[in-house]
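As stored in coords-v6.pdb (PDB, C-alpha atoms):
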MODEL        1
ATOM      1  CA  MET H   1       0.000   0.000   0.000
ATOM      2  CA  THR H   2       1.175   3.480  -0.760
ATOM      3  CA  ASP H   3       1.141   6.512   1.509
ATOM      4  CA  GLU H   4      -1.874   7.903  -0.371
ATOM      5  CA  THR H   5      -4.060   5.005   0.774
ATOM      6  CA  GLU H   6      -6.040   5.446   3.969
ATOM      7  CA  VAL H   7      -5.519   2.313   6.049
ATOM      8  CA  TYR H   8      -7.875   0.971   8.719
ATOM      9  CA  LEU H   9      -5.905   0.436  11.951
ATOM     10  CA  GLY H  10      -8.636  -0.991  14.169
ATOM     11  CA  GLY H  11     -11.273  -0.099  16.684
ATOM     12  CA  PHE H  12     -14.182  -1.392  18.697
ATOM     13  CA  TYR H  13     -17.597  -0.567  20.111
ATOM     14  CA  SER H  14     -18.591  -1.066  23.728
ATOM     15  CA  PRO H  15     -22.237  -0.792  24.803
ATOM     16  CA  MET H  16     -21.248  -0.424  28.470
ATOM     17  CA  GLN H  17     -17.577   0.521  28.936
ATOM     18  CA  LEU H  18     -17.276   3.613  26.705
ATOM     19  CA  THR H  19     -19.316   6.765  27.265
ATOM     20  CA  LEU H  20     -19.746  10.143  25.585
ATOM     21  CA  GLY H  21     -20.757  12.678  28.187
ATOM     22  CA  LYS H  22     -22.517  11.789  31.412
ATOM     23  CA  PHE H  23     -25.529   9.931  30.061
ATOM     24  CA  ALA H  24     -24.522   8.684  26.599
ATOM     25  CA  VAL H  25     -23.460   5.125  27.412
ATOM     26  CA  GLY H  26     -22.193   3.118  24.466
ATOM     27  CA  ALA H  27     -19.629   4.356  21.990
ATOM     28  CA  GLY H  28     -17.131   3.160  19.431
ATOM     29  CA  ILE H  29     -13.648   4.334  18.679
ATOM     30  CA  TYR H  30     -12.089   3.486  15.308
ATOM     31  CA  ALA H  31      -8.940   4.714  13.584
ATOM     32  CA  THR H  32      -7.302   4.850  10.197
ATOM     33  CA  ASN H  33      -3.784   6.102   9.588
ATOM     34  CA  ARG H  34      -5.321   9.553   8.914
ATOM     35  CA  ARG H  35      -8.490   9.916  11.015
ATOM     36  CA  LEU H  36      -9.931   9.069  14.425
ATOM     37  CA  PHE H  37     -13.668   8.284  14.601
ATOM     38  CA  ILE H  38     -15.836   8.463  17.722
ATOM     39  CA  LEU H  39     -19.195   6.879  16.883
ATOM     40  CA  ARG H  40     -22.381   6.096  18.785
ATOM     41  CA  LYS H  41     -23.016   3.211  16.399
ATOM     42  CA  ASP H  42     -21.595  -0.316  16.600
ATOM     43  CA  MET H  43     -19.617  -0.856  13.387
ATOM     44  CA  ASP H  44     -18.074  -4.177  14.458
ATOM     45  CA  VAL H  45     -20.723  -6.394  12.799
ATOM     46  CA  THR H  46     -20.459  -4.479   9.514
ATOM     47  CA  PHE H  47     -16.649  -4.692   9.527
ATOM     48  CA  ASN H  48     -16.717  -8.411  10.381
ATOM     49  CA  LYS H  49     -18.954  -9.026   7.353
ATOM     50  CA  ILE H  50     -16.601  -7.065   5.096
ATOM     51  CA  ALA H  51     -13.552  -8.941   6.435
ATOM     52  CA  GLY H  52     -15.269 -12.330   6.235
ATOM     53  CA  ASN H  53     -14.776 -13.274   9.891
ATOM     54  CA  LYS H  54     -15.310 -11.850  13.360
ATOM     55  CA  ASP H  55     -11.724 -11.972  14.626
ATOM     56  CA  PHE H  56      -9.974 -10.335  11.687
ATOM     57  CA  VAL H  57      -6.654  -8.535  11.985
ATOM     58  CA  PRO H  58      -6.666  -5.147  10.167
ATOM     59  CA  ALA H  59      -3.162  -5.782   8.774
ATOM     60  CA  ASN H  60      -4.477  -8.904   6.975
ATOM     61  CA  LEU H  61      -7.257  -7.119   5.082
ATOM     62  CA  THR H  62      -7.144  -7.082   1.301
ATOM     63  CA  PRO H  63      -6.941  -3.611  -0.280
ATOM     64  CA  GLU H  64     -10.610  -3.991  -1.277
ATOM     65  CA  GLN H  65     -11.690  -4.918   2.275
ATOM     66  CA  ASN H  66      -9.661  -2.022   3.696
ATOM     67  CA  GLN H  67     -11.266   0.459   1.282
ATOM     68  CA  ALA H  68     -14.738  -0.908   2.082
ATOM     69  CA  ILE H  69     -14.179  -0.370   5.822
ATOM     70  CA  VAL H  70     -12.767   3.146   5.300
ATOM     71  CA  PHE H  71     -15.766   3.923   3.070
ATOM     72  CA  GLN H  72     -18.198   2.693   5.776
ATOM     73  CA  LEU H  73     -16.465   4.821   8.418
ATOM     74  CA  SER H  74     -16.601   7.866   6.146
ATOM     75  CA  TYR H  75     -20.272   7.218   5.363
ATOM     76  CA  GLU H  76     -21.232   6.829   9.044
ATOM     77  CA  SER H  77     -19.146   9.773  10.168
ATOM     78  CA  SER H  78     -21.505  12.463   8.888
ATOM     79  CA  SER H  79     -23.376  12.632  12.197
ATOM     80  CA  GLN H  80     -20.497  11.624  14.467
ATOM     81  CA  MET H  81     -17.087  12.968  15.474
ATOM     82  CA  VAL H  82     -14.235  12.604  13.019
ATOM     83  CA  LEU H  83     -10.824  14.087  13.698
ATOM     84  CA  ARG H  84      -8.022  14.284  11.173
ATOM     85  CA  GLN H  85      -4.608  13.483  12.624
ATOM     86  CA  GLU H  86      -3.328  17.022  11.986
ATOM     87  CA  GLU H  87      -6.253  18.530  13.996
ATOM     88  CA  ILE H  88      -5.247  16.723  17.197
ATOM     89  CA  LEU H  89      -2.908  18.361  19.679
ATOM     90  CA  THR H  90      -3.043  15.807  22.523
ATOM     91  CA  LEU H  91      -4.631  12.436  23.212
ATOM     92  CA  GLU H  92      -4.842  12.500  27.001
ATOM     93  CA  LEU H  93      -5.364   9.035  28.500
ATOM     94  CA  LYS H  94      -6.245   8.215  32.090
ATOM     95  CA  GLU H  95      -6.357   4.572  33.132
ATOM     96  CA  PRO H  96      -9.465   3.527  35.113
ATOM     97  CA  PRO H  97      -8.210   3.588  38.735
ATOM     98  CA  GLY H  98     -10.601   1.054  40.209
ATOM     99  CA  VAL H  99     -13.777  -0.989  40.048
ATOM    100  CA  SER H 100     -16.305   1.836  40.309
ATOM    101  CA  ARG H 101     -14.181   4.672  38.934
ATOM    102  CA  THR H 102     -13.557   5.423  35.287
ATOM    103  CA  GLY H 103     -10.663   6.609  33.199
ATOM    104  CA  HIS H 104     -10.932   8.690  30.040
ATOM    105  CA  LEU H 105      -9.616   9.654  26.656
ATOM    106  CA  ASN H 106      -9.654  13.420  26.330
ATOM    107  CA  ILE H 107      -8.997  14.533  22.758
ATOM    108  CA  LEU H 108      -7.607  18.071  22.672
ATOM    109  CA  ARG H 109      -7.777  19.753  19.283
ATOM    110  CA  ILE H 110      -5.434  22.427  17.987
ATOM    111  CA  SER H 111      -8.508  24.711  17.805
ATOM    112  CA  GLY H 112      -8.881  24.474  21.606
ATOM    113  CA  GLU H 113     -11.991  22.256  21.556
ATOM    114  CA  SER H 114     -11.978  18.933  23.351
ATOM    115  CA  GLN H 115     -14.002  15.721  23.423
ATOM    116  CA  LYS H 116     -13.946  13.304  26.328
ATOM    117  CA  VAL H 117     -14.703   9.585  26.111
ATOM    118  CA  GLY H 118     -15.158   7.762  29.425
ATOM    119  CA  ILE H 119     -13.382   4.409  29.753
ATOM    120  CA  GLY H 120     -14.865   1.908  32.222
ATOM    121  CA  LYS H 121     -12.378  -0.966  32.373
ATOM    122  CA  LYS H 122      -8.648  -1.582  32.069
ATOM    123  CA  LYS H 123      -9.115  -3.960  29.099
ATOM    124  CA  GLU H 124     -10.736  -1.185  27.017
ATOM    125  CA  TYR H 125      -8.107   1.315  28.179
ATOM    126  CA  GLU H 126      -5.288  -0.971  27.009
ATOM    127  CA  TYR H 127      -6.939  -1.548  23.624
ATOM    128  CA  ILE H 128      -7.423   2.198  23.121
ATOM    129  CA  LEU H 129      -3.812   2.879  24.164
ATOM    130  CA  ASN H 130      -2.531   0.358  21.595
ATOM    131  CA  LEU H 131      -4.824   1.760  18.889
ATOM    132  CA  LEU H 132      -3.699   5.340  19.572
ATOM    133  CA  GLN H 133      -0.030   4.282  19.563
ATOM    134  CA  SER H 134      -0.603   3.111  15.987
ATOM    135  CA  PHE H 135      -2.575   6.248  15.095
ATOM    136  CA  SER H 136      -0.474   9.071  16.609
ATOM    137  CA  PRO H 137       2.085   8.019  19.255
ATOM    138  CA  GLN H 138       3.571  11.514  19.584
ATOM    139  CA  ALA H 139       0.205  12.969  20.691
ATOM    140  CA  ILE H 140      -0.386  10.534  23.584
ATOM    141  CA  MET H 141      -0.114  11.878  27.110
ATOM    142  CA  LYS H 142      -0.877   9.590  30.053
ATOM    143  CA  VAL H 143      -2.301  11.316  33.149
TER     144      VAL H 143
ENDMDL
END

Would you mind giving the structure from this file in structure tokens?
Amino acid sequence: MTDETEVYLGGFYSPMQLTLGKFAVGAGIYATNRRLFILRKDMDVTFNKIAGNKDFVPANLTPEQNQAIVFQLSYESSSQMVLRQEEILTLELKEPPGVSRTGHLNILRISGESQKVGIGKKKEYEYILNLLQSFSPQAIMKV
């Protein structure tokens, strides 16, 4: 693949462990090499159908499967949050400190705006950390 191609890096949806705001339980975070998507819709089933199995590895996608997933993300993103890599100043990550307390991903934009995603469990935190290390390692700040 060339540098011009947008490549799907991974992501997931959690109906219980990711939140947008205080009352919006259930969110998905997905990334390509160029954009970060925060969606209220579960895209996992759609992506599994495109890939042909439920436990696919993004690096093993064919170019056609990759483009189909990027197209679906772009199509769904019209009513959700999409951030281009160059718009992001800091990806602030806080690990969930305990059973009943949450961590977060706070996305700080160069424009000064921010978006916070609550993270309920360590497993989700670790997945998000790995995903963001692939997306933009220089922007990550652990708090």

Choose the residue, out of H:Arg101, H:Arg34, H:Lys49, H:Lys22, that has the smallest atom-to-atom separation from Ile88 (chain H); count all atoms listed in the file.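 That would be H:Arg34, the residue with the smallest distance to Ile88 (chain H).
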
Around all of region 10-23 of chain H's listed atoms, make the axis-aligned box with 4 Å on each side and tell me centre and edge lengths in Å to one decimal, as JSON.
{"center_x": -17.1, "center_y": 5.6, "center_z": 22.8, "size_x": 24.9, "size_y": 22.1, "size_z": 25.2}

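For the atom pair formed by CA of Thr62 (chain H) and CA of Asn48 (chain H), the distance is 13.3 Å, given to one decimal.
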
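Of the residues listed (H:Met81, H:Val117, H:Leu9, H:Ala59), H:Val117 shows the shortest atom-to-atom separation from Ala24 (chain H); distances use all atoms listed in the file.
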
H:Lys123, H:Phe71, H:Pro63, H:Thr32: which is nearest Thr46 (chain H), counting only C-alpha atoms? H:Phe71

Looking at all atoms listed in the file, which of H:Glu95, H:Phe12, H:Leu89, H:Ser74 is the one that sits closest to Lys54 (chain H)? H:Phe12

Hey, could you make a per-residue contact list for region 14-62 of chain H against region 130-143 of chain H with 12 Å as the cut-off, showing the nearest pair of atoms and its distance in Å to one decimal, counting all atoms listed in the file, sorted by chain and number, as CSV?
residue,atom,partner,partner_atom,distance
H:Ile29,CA,H:Leu131,CA,9.2
H:Tyr30,CA,H:Leu131,CA,8.3
H:Ala31,CA,H:Phe135,CA,6.7
H:Thr32,CA,H:Phe135,CA,6.9
H:Asn33,CA,H:Phe135,CA,5.6
H:Arg34,CA,H:Phe135,CA,7.5
H:Arg35,CA,H:Phe135,CA,8.1
H:Leu36,CA,H:Phe135,CA,7.9
H:Phe37,CA,H:Phe135,CA,11.3
H:Pro58,CA,H:Leu131,CA,11.3
H:Ala59,CA,H:Ser134,CA,11.7

Keeping only C-alpha atoms, write those residues as a PDB file, in the frame of the given file.
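Final output, result18.pdb:
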ATOM      1  CA  ILE H  29     -13.648   4.334  18.679  1.00  0.00           C
ATOM      2  CA  TYR H  30     -12.089   3.486  15.308  1.00  0.00           C
ATOM      3  CA  ALA H  31      -8.940   4.714  13.584  1.00  0.00           C
ATOM      4  CA  THR H  32      -7.302   4.850  10.197  1.00  0.00           C
ATOM      5  CA  ASN H  33      -3.784   6.102   9.588  1.00  0.00           C
ATOM      6  CA  ARG H  34      -5.321   9.553   8.914  1.00  0.00           C
ATOM      7  CA  ARG H  35      -8.490   9.916  11.015  1.00  0.00           C
ATOM      8  CA  LEU H  36      -9.931   9.069  14.425  1.00  0.00           C
ATOM      9  CA  PHE H  37     -13.668   8.284  14.601  1.00  0.00           C
ATOM     10  CA  PRO H  58      -6.666  -5.147  10.167  1.00  0.00           C
ATOM     11  CA  ALA H  59      -3.162  -5.782   8.774  1.00  0.00           C
TER      12      ALA H  59
END

Suppose you want the space between CA of Val45 (chain H) and CA of Gln80 (chain H); what is it in Å?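 Between CA of Val45 (chain H) and CA of Gln80 (chain H) the gap is 18.1 Å.
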
Let me make sure I understand: among H:Ile119, H:Glu4, H:Glu87, H:Asn106, which one has the smallest atom-to-atom distance to Gly26 (chain H) if we use all atoms listed in the file? H:Ile119

Within 10 Å of Gly98 (chain H), counting all atoms listed in the file, which residues qualify if same-chain residues fewer than 4 places away don't, as a list in words?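 Near neighbours after the sequence-gap exclusion: Thr102, Gly103, Gly120, Lys121 and Lys122 of chain H.
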
Could you please determine the separation between CA of Val99 (chain H) and CA of Arg40 (chain H) in Å, to one decimal place?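 Computing the Euclidean distance for CA of Val99 (chain H) and CA of Arg40 (chain H) yields 24.0 Å.
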
List the neighbours of Leu105 (chain H) out to 8 Å using all atoms listed in the file; skip same-chain residues closer than 4 positions along the sequence, and give me the result as a PyMOL selection string. chain H and resi 91-94+116-119

Could you spell out the hits of the PyMOL selection byres ((chain H and resi 70) around 8) on the shown file, as a PyMOL selection string? chain H and resi 6-8+32+66-69+71-74

I need the residue nearest Tyr127 (chain H) from this list: H:Val25, H:Ile110, H:Tyr13, H:Glu86. Use only C-alpha atoms for the distance.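 Ranking H:Val25, H:Ile110, H:Tyr13, H:Glu86 by distance to Tyr127 (chain H), first place goes to H:Tyr13.
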